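Data block below; observations after.
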Amino acid sequence: MAIRHFLQFRDFSREEYGHLFARSTWLKAKFKAFETYHPLFDRHLAMIFEKNSTRTRLSFEAGMQQLGGSSIFLSTRDTQLGRGEPVEDAAQVISRMVDIVMIRTFEQDIIERFAAHSRVPVINGLTNEYHPCQVLADIFTFIEHRGSIQGKTVAWIGDSNNMCNTWLQAAEVLDFNVHVSTPPGYEVEPERAGLFGKDNFEEFADPMDAARGAHLVTTDVWTSMGFEAENEARKKAFADWCVDADMMKAAHPQALFMHCLPAHRGEEVEAEVIDGPHSVVWDEAENRLHVQKALLEYLLLGKVETQ
Ligand code: CP
Ligand code: NVA
């Protein structure tokens, strides 16, 4: 069987996502019932981090262990990757010693090059362009709370960053709509987002218009990792792109609020929204664990049928 990677959301089909969501539900129920399930006994995950992380590291590490396998944490600070070893060479070596690799890095090109030289599946744990594991968790969270996302509207308020790009790809694969509002100069770049067309997204100058009627309102930090030098300029440009209670009132009455975290209360979201009744951010964070266990199982064992 050809090696499959999960480097961006469009790498999997709608049918495959159906399978992953079903497995996530099953794995979550098993976890909640304290039932042991060790299909990945003696399988090892290498996790390469070139940027900080709390949720991604913890969910992959705990998830791999819960499935009976193990994980190894590697950071640029203490590996030869930080001293200029070519990513192609690192891929050759690392993928001869473990069964699967997760990478959090800067440009998407780095992970693409790694995957091209890897003998084992590679998972994107966040790049400048995409964060597919997070959107997998977000959509699973939406389904748990509201049912199918097909035909629904997601409002993206703020930066056209890795999360925004991934939502836009997901909308094409799973057939829903994304209303995007960014400050001028920070608009979506369809090519960088890896989109096939513009059928599933609409841009709005006013964030309130993007939020109107939306079934899910979501946002992220104004300055992503790797862009810290732009922080002051971004704080000025994004000042009106804060998700507040008025925006949530304009959304659908049953609207959910999501944020991949970490969040900055008083910047991209008001505390009363992220800590309020529409917010599902803690379920969203927890679901990283369950969907990534389904992803690890799928990439290593293929389609395991749910009994
Ligand atoms: N949402 C997310 O990926 O969090 P971490 O940066 O803590 O991994
Ligand atoms: N867009 C953010 C997400 C962090 C999980 C970043 O890339 O820093």
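Chains: A, B, ... in order of the structure tokens. Residues: from 1 per chain. Ligands: from 1, in order shown.
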When DSSP is applied to the backbone of this structure, which of region 44-137 of chain A are assigned strand (DSSP E)? Write them out as a compact mmCIF listing (two decimals) with N, CA and C atoms, in the first residue's frame.
# COMPACT_ATOMS: atom_id res chain seq x y z
N HIS A 44 6.09 3.40 16.97
CA HIS A 44 6.73 4.58 17.56
C HIS A 44 6.52 5.81 16.68
N LEU A 45 6.17 6.89 17.32
CA LEU A 45 5.94 8.18 16.65
C LEU A 45 7.09 9.13 16.99
N ALA A 46 7.72 9.72 15.98
CA ALA A 46 8.69 10.80 16.24
C ALA A 46 7.96 12.12 16.05
N MET A 47 8.11 13.03 17.00
CA MET A 47 7.46 14.35 16.91
C MET A 47 8.56 15.40 16.83
N ILE A 48 8.58 16.13 15.72
CA ILE A 48 9.61 17.15 15.52
C ILE A 48 8.97 18.52 15.70
N PHE A 49 9.45 19.27 16.66
CA PHE A 49 8.89 20.60 16.92
C PHE A 49 9.92 21.69 16.63
N SER A 70 4.49 4.38 21.45
CA SER A 70 5.28 5.37 22.19
C SER A 70 5.61 6.53 21.27
N SER A 71 6.08 7.63 21.87
CA SER A 71 6.45 8.79 21.06
C SER A 71 7.79 9.34 21.54
N ILE A 72 8.47 9.99 20.62
CA ILE A 72 9.78 10.57 20.91
C ILE A 72 9.73 12.03 20.51
N PHE A 73 10.05 12.91 21.45
CA PHE A 73 9.99 14.36 21.21
C PHE A 73 11.35 14.86 20.74
N LEU A 74 11.36 15.51 19.59
CA LEU A 74 12.60 16.10 19.06
C LEU A 74 12.35 17.58 18.81
N SER A 75 13.26 18.44 19.26
CA SER A 75 13.09 19.85 18.95
C SER A 75 14.31 20.36 18.19
N ILE A 100 6.03 6.40 12.24
CA ILE A 100 5.22 7.54 11.81
C ILE A 100 5.87 8.81 12.39
N VAL A 101 5.70 9.93 11.68
CA VAL A 101 6.36 11.18 12.10
C VAL A 101 5.32 12.30 12.12
N MET A 102 5.39 13.16 13.12
CA MET A 102 4.61 14.39 13.14
C MET A 102 5.58 15.56 13.17
N ILE A 103 5.31 16.59 12.37
CA ILE A 103 6.21 17.75 12.32
C ILE A 103 5.44 19.04 12.50
N ARG A 104 5.96 19.92 13.34
CA ARG A 104 5.49 21.31 13.44
C ARG A 104 6.65 22.18 13.00
N VAL A 122 3.71 10.92 7.31
CA VAL A 122 4.07 12.18 7.96
C VAL A 122 2.79 12.98 8.21
N ILE A 123 2.67 13.53 9.41
CA ILE A 123 1.50 14.32 9.80
C ILE A 123 1.93 15.77 10.02
N ASN A 124 1.14 16.70 9.50
CA ASN A 124 1.40 18.12 9.71
C ASN A 124 0.83 18.54 11.08
Ligand 1: which residues are within 8 Å, counting only C-alpha atoms and all ligand atoms, as a ChimeraX atom specification?
/A:52-58,125-126,131,134,260-262,285
Counting only C-alpha atoms and all ligand atoms, what are the residues, protein, DNA or RNA alike, that approach ligand 2 to within 6 Å? I want them as a list in words.
Asn161, Asn162, Met163, Ser224, Met225, Cys260 and Leu261 of chain A
DSSP on the backbone, then: every residue of region 140-244 of chain A marked alpha helix (DSSP H), written as an NGL selection string.
:A and (140-146 or 162-174 or 190-193 or 207-211 or 231-237)
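For the pair CA of Asp89 (chain A) and CA of Val120 (chain A), the interatomic distance is 14.1 Å.
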Residues at most 10 Å from Phe238 (chain A), counting only C-alpha atoms, excluding those fewer than 4 positions away in the same chain, as a PyMOL selection string?
chain A and resi 157-159+182-184+186+221-223+233-234+242+267-268
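With only C-alpha atoms taken into account, the protein and nucleic acid residues at most 12 Å from Gln307 (chain A) (excluding it and anything under 6 positions from it in its own chain) are Ala22, Arg23, Trp26 and Leu27 of chain A.
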Expected file contents, prior selection, N, CA, C and O atoms, as a short mmCIF file (atom, residue, chain, number, x, y, z; two decimals), in the first residue's frame:
data_model
loop_
_atom_site.label_atom_id
_atom_site.label_comp_id
_atom_site.auth_asym_id
_atom_site.auth_seq_id
_atom_site.Cartn_x
_atom_site.Cartn_y
_atom_site.Cartn_z
N ALA A 22 -16.13 8.77 12.56
CA ALA A 22 -16.76 7.61 13.21
C ALA A 22 -15.77 6.95 14.19
O ALA A 22 -16.13 6.60 15.32
N ARG A 23 -14.54 6.80 13.75
CA ARG A 23 -13.52 6.20 14.64
C ARG A 23 -13.24 7.10 15.84
O ARG A 23 -12.98 6.61 16.94
N TRP A 26 -15.83 6.48 18.42
CA TRP A 26 -15.62 5.17 19.06
C TRP A 26 -14.44 5.22 20.02
O TRP A 26 -14.52 4.75 21.16
N LEU A 27 -13.34 5.82 19.58
CA LEU A 27 -12.14 5.91 20.43
C LEU A 27 -12.40 6.77 21.66
O LEU A 27 -11.91 6.49 22.75
#
So which residues touch Ser13 (chain A) within 10 Å, counting only C-alpha atoms, skipping near sequence neighbours fewer than 5 positions away, as a ChimeraX atom specification?
/A:18-19,170,173-174
Can you list, as JSON, numbers by chain, every protein, DNA or RNA residue that comes within 7 Å of His38 (chain A) when you count only C-alpha atoms, leaving out same-chain residues fewer than 6 positions away?
{"A": [66, 67, 68]}
Those selected residues, please, written with all heavy atoms and delivered as a PDB file, in the first residue's frame.
ATOM      1  N   GLN A  66      -1.816   5.851  24.678  1.00  0.00           N
ATOM      2  CA  GLN A  66      -3.112   5.211  24.909  1.00  0.00           C
ATOM      3  C   GLN A  66      -3.388   4.110  23.877  1.00  0.00           C
ATOM      4  O   GLN A  66      -4.127   3.169  24.149  1.00  0.00           O
ATOM      5  CB  GLN A  66      -4.234   6.258  24.871  1.00  0.00           C
ATOM      6  CG  GLN A  66      -4.223   7.161  26.100  1.00  0.00           C
ATOM      7  CD  GLN A  66      -5.034   8.428  25.902  1.00  0.00           C
ATOM      8  OE1 GLN A  66      -5.874   8.503  25.014  1.00  0.00           O
ATOM      9  NE2 GLN A  66      -4.776   9.437  26.722  1.00  0.00           N
ATOM     10  N   LEU A  67      -2.803   4.247  22.691  1.00  0.00           N
ATOM     11  CA  LEU A  67      -2.994   3.226  21.645  1.00  0.00           C
ATOM     12  C   LEU A  67      -1.963   2.103  21.752  1.00  0.00           C
ATOM     13  O   LEU A  67      -1.883   1.231  20.885  1.00  0.00           O
ATOM     14  CB  LEU A  67      -2.936   3.884  20.259  1.00  0.00           C
ATOM     15  CG  LEU A  67      -4.095   4.830  19.928  1.00  0.00           C
ATOM     16  CD1 LEU A  67      -3.829   5.588  18.628  1.00  0.00           C
ATOM     17  CD2 LEU A  67      -5.418   4.084  19.834  1.00  0.00           C
ATOM     18  N   GLY A  68      -1.134   2.160  22.785  1.00  0.00           N
ATOM     19  CA  GLY A  68      -0.173   1.081  23.021  1.00  0.00           C
ATOM     20  C   GLY A  68       1.210   1.342  22.448  1.00  0.00           C
ATOM     21  O   GLY A  68       2.109   0.512  22.582  1.00  0.00           O
TER      22      GLY A  68
END
